[in-house]
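Here's the structure we're looking at; comments come further down.
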Amino acid sequence: QRGRHLLTAPLSMKNHSVLLAVTLLGSTNAFVSPQARSTSTTALDATIAVFGASGLTAQECVYQGLKEGDKIVGLTRNPSKVVIPKGSGGADADKSLSDPNLTMIGGDVTNPADVAKVFENDIDGVIVALGGKTSDVGDSMLTDGTKNIMAAMKENNVKRMAVVTSIGAGDSKDQAPFAFKMLMMTVMKKIFTDKNNQEAAVKASGLEYCIVRPGGLTVEPPTGVINVIEGEAGSIPRADVAQFCLEAVKDADFPYVGKTPCISSVGGTSWVKDRSGAARGEMPK
């Protein structure tokens, strides 16, 4: 059946569940997502579409998804540039990335026909991690490409998407460090106009979206520390951003659906993925 989505039609189940716990830093109290859940919250072997697959953050999504047993269908103008990422790849970083569960399609996200090729596969969730200089990709690539993706999602009954934008986009301008604000208003003005238009289109789509606004991106190994912040953003490894995006499209009860979380490795409220039996409410034997 085309267009399966994670909220109502789960795929094959793994032996462990995903539960999100949001822990308040500096406190012994924690908010944990409700325990009374259906089996659709169990971690799934999903088929995930990744757009902009050769980008540094998107490569992390591809690589980590494959490691978790997912099938990945990627679209990029440069399939040969999809390699094992520096952050999660360790000693294998920069080697060619190949896997039986990886389908890589060469194409342009602004071409609806290329986007449609991705959805010839049975897609469960979508990660949009587009990038590039406006001088290379045009002033409206992010918005135009994302609109094409969302149209194809609707045609194929795919509901869930994670869209990577940036700290400073939309209503998060005041969360950007001062020096970055200066760049946003000068040399990065065109790209931020596109990012803002992209976010507006996603919010108006009617889809189950999570707009992910990371702080300063690095290619360091994953820390496992992903903080949702309301103040000024710090840095965060792309590998941690990828983990957040994967959970956003795989967990039926992801707490930031319909929201625009700014994420950083420092400050704010910690997002924790807990796969333990205790987190699922299982009684000790």
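Convention: chains lettered A, B, ... in structure tokens order; per-chain residue numbering from 1; ligands numbered from 1 as shown.
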**OP:** Would you mind listing what lies within 9 Å of segment 80-93 of chain A as number ranges by chain, with only C-alpha atoms counted and same-chain residues fewer than 4 positions away left out?
**Re:** A: 53-57, 59-60, 62-64, 76, 97-98, 104, 218-222, 237-239
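When the distance limit is 12 Å and only C-alpha atoms are what count, the residues near Ser265 of chain A, minus those fewer than 4 positions from it on the same chain, are A:Pro214, A:Gly215, A:Gly216, A:Leu217, A:Thr218, A:Glu220, A:Pro222, A:Thr223, A:Gly224, A:Val225, A:Ile226, A:Asn227, A:Val228, A:Ile229, A:Glu232, A:Ala233, A:Gly234, A:Ser235, A:Ile236, A:Pro237, A:Arg238, A:Ala239, A:Asp240, A:Val241, A:Thr269, A:Ser270, A:Trp271.
The shortest atom-to-atom distance to Ser140 of chain A, with only C-alpha atoms taken into account, belongs to A:Lys195 out of A:Lys154, A:Lys195, A:Lys250, A:Lys189.
The closest residue to Asp45 of chain A, picked from A:Ile149, A:Ile105, A:Ile123, A:Val118 and counting only C-alpha atoms, is A:Ile123.
Excluding Val50 of chain A and any residue on its chain fewer than 2 positions from it, the residues at most 8 Å away by only C-alpha atoms are Ile48, Gly52, Ala53, Ala58, Cys61, Val62, Ile72, Val73, Gly74, Leu75, Val126, Ile127, Val128 and Ala129 of chain A.
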Spatial neighbours of Leu142 of chain A, 8 Å, only C-alpha atoms, chain gap at least 4 places, as an mmCIF file with N, CA and C atoms, in the first residue's frame:
```cif
data_model
loop_
_atom_site.group_PDB
_atom_site.id
_atom_site.type_symbol
_atom_site.label_atom_id
_atom_site.label_comp_id
_atom_site.auth_asym_id
_atom_site.auth_seq_id
_atom_site.Cartn_x
_atom_site.Cartn_y
_atom_site.Cartn_z
ATOM 1 N N LEU A 130 18.138 20.676 2.591
ATOM 2 C CA LEU A 130 18.681 21.320 1.400
ATOM 3 C C LEU A 130 19.680 22.402 1.774
ATOM 4 N N GLY A 131 20.595 22.686 0.860
ATOM 5 C CA GLY A 131 21.591 23.721 1.118
ATOM 6 C C GLY A 131 22.254 24.153 -0.165
ATOM 7 N N THR A 146 11.077 22.633 -1.644
ATOM 8 C CA THR A 146 10.262 22.108 -0.548
ATOM 9 C C THR A 146 8.794 22.033 -0.951
ATOM 10 N N ASP A 194 14.971 33.158 1.624
ATOM 11 C CA ASP A 194 14.507 31.861 1.124
ATOM 12 C C ASP A 194 14.128 30.928 2.273
ATOM 13 N N LYS A 195 14.944 30.887 3.326
ATOM 14 C CA LYS A 195 14.632 30.034 4.475
ATOM 15 C C LYS A 195 13.305 30.449 5.127
ATOM 16 N N GLN A 198 10.548 29.336 2.945
ATOM 17 C CA GLN A 198 10.449 27.873 3.060
ATOM 18 C C GLN A 198 9.675 27.485 4.315
#
```
Which residues in segment 61-274 of chain A does DSSP call strand (DSSP E)? List them as a CSV table (one decimal) with C-alpha atoms, in the first residue's frame.
```csv
chain,number,residue,atom,x,y,z
A,71,LYS,CA,15.8,2.0,4.1
A,72,ILE,CA,16.9,5.4,2.7
A,73,VAL,CA,16.0,7.0,-0.6
A,74,GLY,CA,18.1,10.1,-1.3
A,75,LEU,CA,17.8,12.8,-3.9
A,76,THR,CA,20.8,14.9,-4.8
A,102,LEU,CA,20.3,2.8,0.1
A,103,THR,CA,18.8,4.1,-3.1
A,104,MET,CA,20.4,7.3,-4.4
A,105,ILE,CA,18.7,9.3,-7.2
A,106,GLY,CA,20.5,12.0,-9.1
A,125,GLY,CA,8.8,9.9,6.3
A,126,VAL,CA,10.7,12.7,4.7
A,127,ILE,CA,13.8,14.7,5.8
A,128,VAL,CA,14.5,17.9,3.9
A,160,ARG,CA,5.5,13.3,8.4
A,161,MET,CA,8.5,15.5,7.5
A,162,ALA,CA,11.4,17.1,9.2
A,163,VAL,CA,12.8,20.3,7.6
A,164,VAL,CA,16.3,21.6,8.6
A,208,GLU,CA,2.9,16.8,10.2
A,209,TYR,CA,6.1,18.8,10.2
A,210,CYS,CA,9.0,19.6,12.5
A,211,ILE,CA,11.0,22.6,11.4
A,212,VAL,CA,14.5,22.0,13.0
A,213,ARG,CA,16.6,25.1,13.6
A,214,PRO,CA,20.1,24.1,14.7
A,216,GLY,CA,26.2,26.6,14.8
A,217,LEU,CA,26.8,23.4,12.9
A,218,THR,CA,30.0,21.3,13.4
A,226,ILE,CA,20.4,17.8,22.1
A,227,ASN,CA,18.9,20.7,23.9
A,228,VAL,CA,15.8,22.6,22.8
A,229,ILE,CA,16.5,26.2,23.6
A,235,SER,CA,26.9,25.0,18.5
A,236,ILE,CA,25.8,21.4,17.8
A,237,PRO,CA,27.3,18.5,15.7
A,262,CYS,CA,15.9,25.5,18.0
A,263,ILE,CA,18.5,22.9,19.1
A,264,SER,CA,22.0,23.3,20.5
A,269,THR,CA,15.9,21.7,27.8
A,270,SER,CA,17.5,18.4,27.1
A,271,TRP,CA,15.9,16.0,24.6
A,272,VAL,CA,16.7,12.4,25.4
A,273,LYS,CA,16.0,9.2,23.5
A,274,ASP,CA,15.5,6.4,26.0
```
Subject >> alpha helix (DSSP H) per DSSP on the backbone: members of segment 87-256 of chain A, as number ranges by chain >> reply: A: 87-89, 112-118, 134-137, 141-155, 178-184, 189-203, 238-250
